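Asks: I have a structure I would like to understand better, so I am pasting it below and will then ask my questions one at a time.
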Amino acid sequence: MEATLFSFPSTKPPPPKTLTLTQSKTLTLTYPKSLNPYRRSSYSTTIRSAISRTKKEETVQTVKEQLENCHLLAAIKYNGFTVQQFQELRRSLPEKSKLIVAKNTLVYKAIEGTSWAALEPCMKGMNVFLFVHSEEIPAAIKPYRDFQKEKKLEGNDFTGAVFEGKFYGPDDFKALESMPTRAEIYAKLLGALQSPASALVGTLQAPARDLVMVLKAYVKKLEEEG
């Protein structure tokens with residue numbers, strides 16, 4: 001009795017195994033699916049999905065952490081940046097500013113239900129997000145304006161920002177960039193208080209809450225005038 005064993009291509013599942021008998025009878029053997037060595041396993045796919053989900057959760061958590069003590073959140077059109085340009089931009093920012101590249105869906109998941117959700121109009125295209133942890137808003141925006149001008153990245157402009165719960169579109173950024181600093185506000189406030197010294201002392205000795213209300217009212221007045 002003779003037996004002939006056929007070879008199988010390495011890139012395809014093995015065909016049924018055939019034994020040829022001298023009596024011209026053919027016996028066909030098939031592999032059970034569970035024993036097929038070429039069967040693609042879903043194990044690696046499951047691992048990749050788990051890793052991807054973990055990275056997404058980490059990104060959302062990072063954004064939430066950056067929102068703590070954040071004064072301004074801005075979105076900048078990211079399409080067209082080179083890796084080197086992005087690194088240079090990061091180095092040019094003040095210590096209290098942070099740049100994060102993340103998908104719009106993940107950022108919105110982190111800000112949804114908060115006052116920062118006003119940034120929703122920017123959730124399209126490719127964005128890099130600027131978190132400002134300082135009250136000096138113009139000083140935080142200026143480094144990007146300088147970088148934008150130096151690298152001739154006029155197309156990579158701010159797509160929007162949220163400051164004190166209000167959304168500022170690209171055409172509204174002049175209001176943010178021209179805001180007076182805290183020192184300037186204090187100087188103007190003291191200059192505006194033309195009342196006698198005793199009244200000024202009384203104001204400064206008032207409870208902190210009352211003084212804050214005075215400052216906020218004056219700041220609002222400056223914004224309306226300017």
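Following the order of the structure tokens, first chain is A, next is B, and so on, with residues numbered from 1 inside each chain and ligands from 1 in the order they appear.
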Mind running range 85-154 of chain A against range 76-81 of chain A at 12 Å and telling me each contacting residue's nearest atom pair with the distance in Å (one decimal), counting only C-alpha atoms, chain and number ascending, as JSON lines?
Replies:
{"residue": "A:Gln85", "atom": "CA", "partner": "A:Phe81", "partner_atom": "CA", "distance": 6.2}
{"residue": "A:Phe86", "atom": "CA", "partner": "A:Phe81", "partner_atom": "CA", "distance": 6.4}
{"residue": "A:Gln87", "atom": "CA", "partner": "A:Phe81", "partner_atom": "CA", "distance": 9.9}
{"residue": "A:Glu88", "atom": "CA", "partner": "A:Phe81", "partner_atom": "CA", "distance": 10.8}
{"residue": "A:Leu89", "atom": "CA", "partner": "A:Phe81", "partner_atom": "CA", "distance": 10.1}
{"residue": "A:Leu99", "atom": "CA", "partner": "A:Ile76", "partner_atom": "CA", "distance": 9.8}
{"residue": "A:Ile100", "atom": "CA", "partner": "A:Ile76", "partner_atom": "CA", "distance": 10.4}
{"residue": "A:Val101", "atom": "CA", "partner": "A:Tyr78", "partner_atom": "CA", "distance": 8.4}
{"residue": "A:Ala102", "atom": "CA", "partner": "A:Tyr78", "partner_atom": "CA", "distance": 10.4}
{"residue": "A:Lys103", "atom": "CA", "partner": "A:Tyr78", "partner_atom": "CA", "distance": 11.1}
{"residue": "A:Asn104", "atom": "CA", "partner": "A:Lys77", "partner_atom": "CA", "distance": 11.6}
{"residue": "A:Leu119", "atom": "CA", "partner": "A:Ile76", "partner_atom": "CA", "distance": 11.7}
{"residue": "A:Cys122", "atom": "CA", "partner": "A:Ile76", "partner_atom": "CA", "distance": 8.9}
{"residue": "A:Met123", "atom": "CA", "partner": "A:Lys77", "partner_atom": "CA", "distance": 10.6}
{"residue": "A:Lys124", "atom": "CA", "partner": "A:Lys77", "partner_atom": "CA", "distance": 9.6}
{"residue": "A:Gly125", "atom": "CA", "partner": "A:Lys77", "partner_atom": "CA", "distance": 7.6}
{"residue": "A:Met126", "atom": "CA", "partner": "A:Tyr78", "partner_atom": "CA", "distance": 5.3}
{"residue": "A:Asn127", "atom": "CA", "partner": "A:Tyr78", "partner_atom": "CA", "distance": 4.7}
{"residue": "A:Val128", "atom": "CA", "partner": "A:Ile76", "partner_atom": "CA", "distance": 5.3}
{"residue": "A:Phe129", "atom": "CA", "partner": "A:Ile76", "partner_atom": "CA", "distance": 6.2}
{"residue": "A:Leu130", "atom": "CA", "partner": "A:Ile76", "partner_atom": "CA", "distance": 7.5}
{"residue": "A:Phe131", "atom": "CA", "partner": "A:Ile76", "partner_atom": "CA", "distance": 11.1}
{"residue": "A:Ile141", "atom": "CA", "partner": "A:Ile76", "partner_atom": "CA", "distance": 11.1}
{"residue": "A:Tyr144", "atom": "CA", "partner": "A:Ile76", "partner_atom": "CA", "distance": 9.6}
{"residue": "A:Arg145", "atom": "CA", "partner": "A:Ile76", "partner_atom": "CA", "distance": 11.2}
{"residue": "A:Phe147", "atom": "CA", "partner": "A:Phe81", "partner_atom": "CA", "distance": 11.8}
{"residue": "A:Gln148", "atom": "CA", "partner": "A:Phe81", "partner_atom": "CA", "distance": 10.7}
{"residue": "A:Lys151", "atom": "CA", "partner": "A:Phe81", "partner_atom": "CA", "distance": 10.0}
{"residue": "A:Lys152", "atom": "CA", "partner": "A:Phe81", "partner_atom": "CA", "distance": 11.2}
{"residue": "A:Leu153", "atom": "CA", "partner": "A:Gly80", "partner_atom": "CA", "distance": 8.6}
{"residue": "A:Glu154", "atom": "CA", "partner": "A:Lys77", "partner_atom": "CA", "distance": 10.1}
Asks: List the spatial neighbours of Val132 in chain A as a list in words - criterion: any atom at most 7 Å away, only C-alpha atoms, same-chain residues fewer than 3 positions off excluded.
Replies: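 So the residues in contact are Cys70, His71, Leu72, Leu73, Lys96, Ser97, Lys98 and Ala140 of chain A.
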Asks: Next, write the just-selected residues to a file, as a short mmCIF file (atom, residue, chain, number, x, y, z; two decimals), in the first residue's frame, keeping all heavy atoms as the atom set.
Replies:
data_model
loop_
_atom_site.label_atom_id
_atom_site.label_comp_id
_atom_site.auth_asym_id
_atom_site.auth_seq_id
_atom_site.Cartn_x
_atom_site.Cartn_y
_atom_site.Cartn_z
N CYS A 70 -7.54 76.22 36.04
CA CYS A 70 -7.33 76.75 34.70
C CYS A 70 -8.14 78.03 34.53
O CYS A 70 -9.30 78.10 34.93
CB CYS A 70 -7.76 75.71 33.66
SG CYS A 70 -7.43 76.19 31.95
N HIS A 71 -7.54 79.06 33.94
CA HIS A 71 -8.22 80.34 33.73
C HIS A 71 -8.71 80.49 32.29
O HIS A 71 -9.68 81.20 32.04
CB HIS A 71 -7.29 81.50 34.09
CG HIS A 71 -6.98 81.58 35.55
ND1 HIS A 71 -7.79 82.23 36.44
CD2 HIS A 71 -5.96 81.06 36.27
CE1 HIS A 71 -7.28 82.14 37.66
NE2 HIS A 71 -6.17 81.42 37.59
N LEU A 72 -8.02 79.85 31.37
CA LEU A 72 -8.41 79.94 29.97
C LEU A 72 -8.07 78.64 29.26
O LEU A 72 -7.00 78.08 29.46
CB LEU A 72 -7.72 81.12 29.28
CG LEU A 72 -8.02 81.30 27.78
CD1 LEU A 72 -8.20 82.77 27.44
CD2 LEU A 72 -6.89 80.73 26.91
N LEU A 73 -9.01 78.18 28.43
CA LEU A 73 -8.79 77.00 27.59
C LEU A 73 -9.01 77.42 26.15
O LEU A 73 -10.09 77.92 25.81
CB LEU A 73 -9.76 75.88 27.97
CG LEU A 73 -9.80 74.65 27.04
CD1 LEU A 73 -8.43 74.00 26.95
CD2 LEU A 73 -10.85 73.65 27.52
N LYS A 96 3.28 78.36 33.27
CA LYS A 96 1.92 78.02 33.68
C LYS A 96 0.97 77.78 32.50
O LYS A 96 -0.25 77.79 32.67
CB LYS A 96 1.36 79.12 34.58
CG LYS A 96 2.07 79.22 35.92
CD LYS A 96 1.39 80.21 36.85
CE LYS A 96 2.06 80.24 38.20
NZ LYS A 96 1.38 81.18 39.13
N SER A 97 1.53 77.54 31.34
CA SER A 97 0.72 77.19 30.17
C SER A 97 1.10 75.79 29.71
O SER A 97 2.26 75.39 29.77
CB SER A 97 0.94 78.18 29.03
OG SER A 97 0.46 79.46 29.38
N LYS A 98 0.10 75.05 29.25
CA LYS A 98 0.32 73.66 28.86
C LYS A 98 -0.36 73.38 27.53
O LYS A 98 -1.53 73.74 27.32
CB LYS A 98 -0.25 72.73 29.94
CG LYS A 98 -0.16 71.25 29.63
CD LYS A 98 1.24 70.72 29.85
CE LYS A 98 1.29 69.20 29.71
NZ LYS A 98 2.64 68.66 29.95
N ALA A 140 -0.05 84.99 28.29
CA ALA A 140 -0.11 83.57 27.93
C ALA A 140 -0.38 83.38 26.44
O ALA A 140 0.03 82.39 25.84
CB ALA A 140 -1.19 82.87 28.75
#
Asks: So, counting only C-alpha atoms, which residue among A:Leu176, A:Val83, A:Leu106, A:Ile47 is closest to Phe158 in chain A?
Replies: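 Going through A:Leu176, A:Val83, A:Leu106, A:Ile47 one by one, the smallest distance to Phe158 in chain A is for A:Leu176.
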Asks: Write out as a PyMOL selection string all residues of range 27-157 of chain A that DSSP puts in alpha helix (DSSP H) for this structure's backbone.
Replies: chain A and resi 43-67+83-92+104-111+137-150
Asks: Give me, please, the distance in Å between CA of Glu135 in chain A and CA of Val60 in chain A, quoted to one decimal.
Replies: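 Computed distance, CA of Glu135 in chain A to CA of Val60 in chain A, equals 24.3 Å.
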Asks: Please determine, counting only C-alpha atoms, which residue among A:Thr159, A:Lys64, A:Glu95, A:Tyr168 has the shortest atom-to-atom distance to Tyr108 in chain A.
Replies: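 With only C-alpha atoms as the atom set, the closest residue is A:Lys64.
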Asks: Return the single residue from A:Lys166, A:Ser115, A:Ala110, A:Ser178 that is closest to Glu58 in chain A, with distances computed using only C-alpha atoms.
Replies: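 Using only C-alpha atoms, Glu58 in chain A sits closest to A:Ala110.
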Asks: Interatomic distance between CA of Met179 in chain A and CA of Glu68 in chain A?
Replies: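 Between CA of Met179 in chain A and CA of Glu68 in chain A the gap is 22.2 Å.
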Asks: Just the strand (DSSP E or B) stuff from range 59-192 of chain A, please, per backbone DSSP, written as a ChimeraX atom specification.
Replies: /A:72-77,97-101,127-132,158-163,166-168
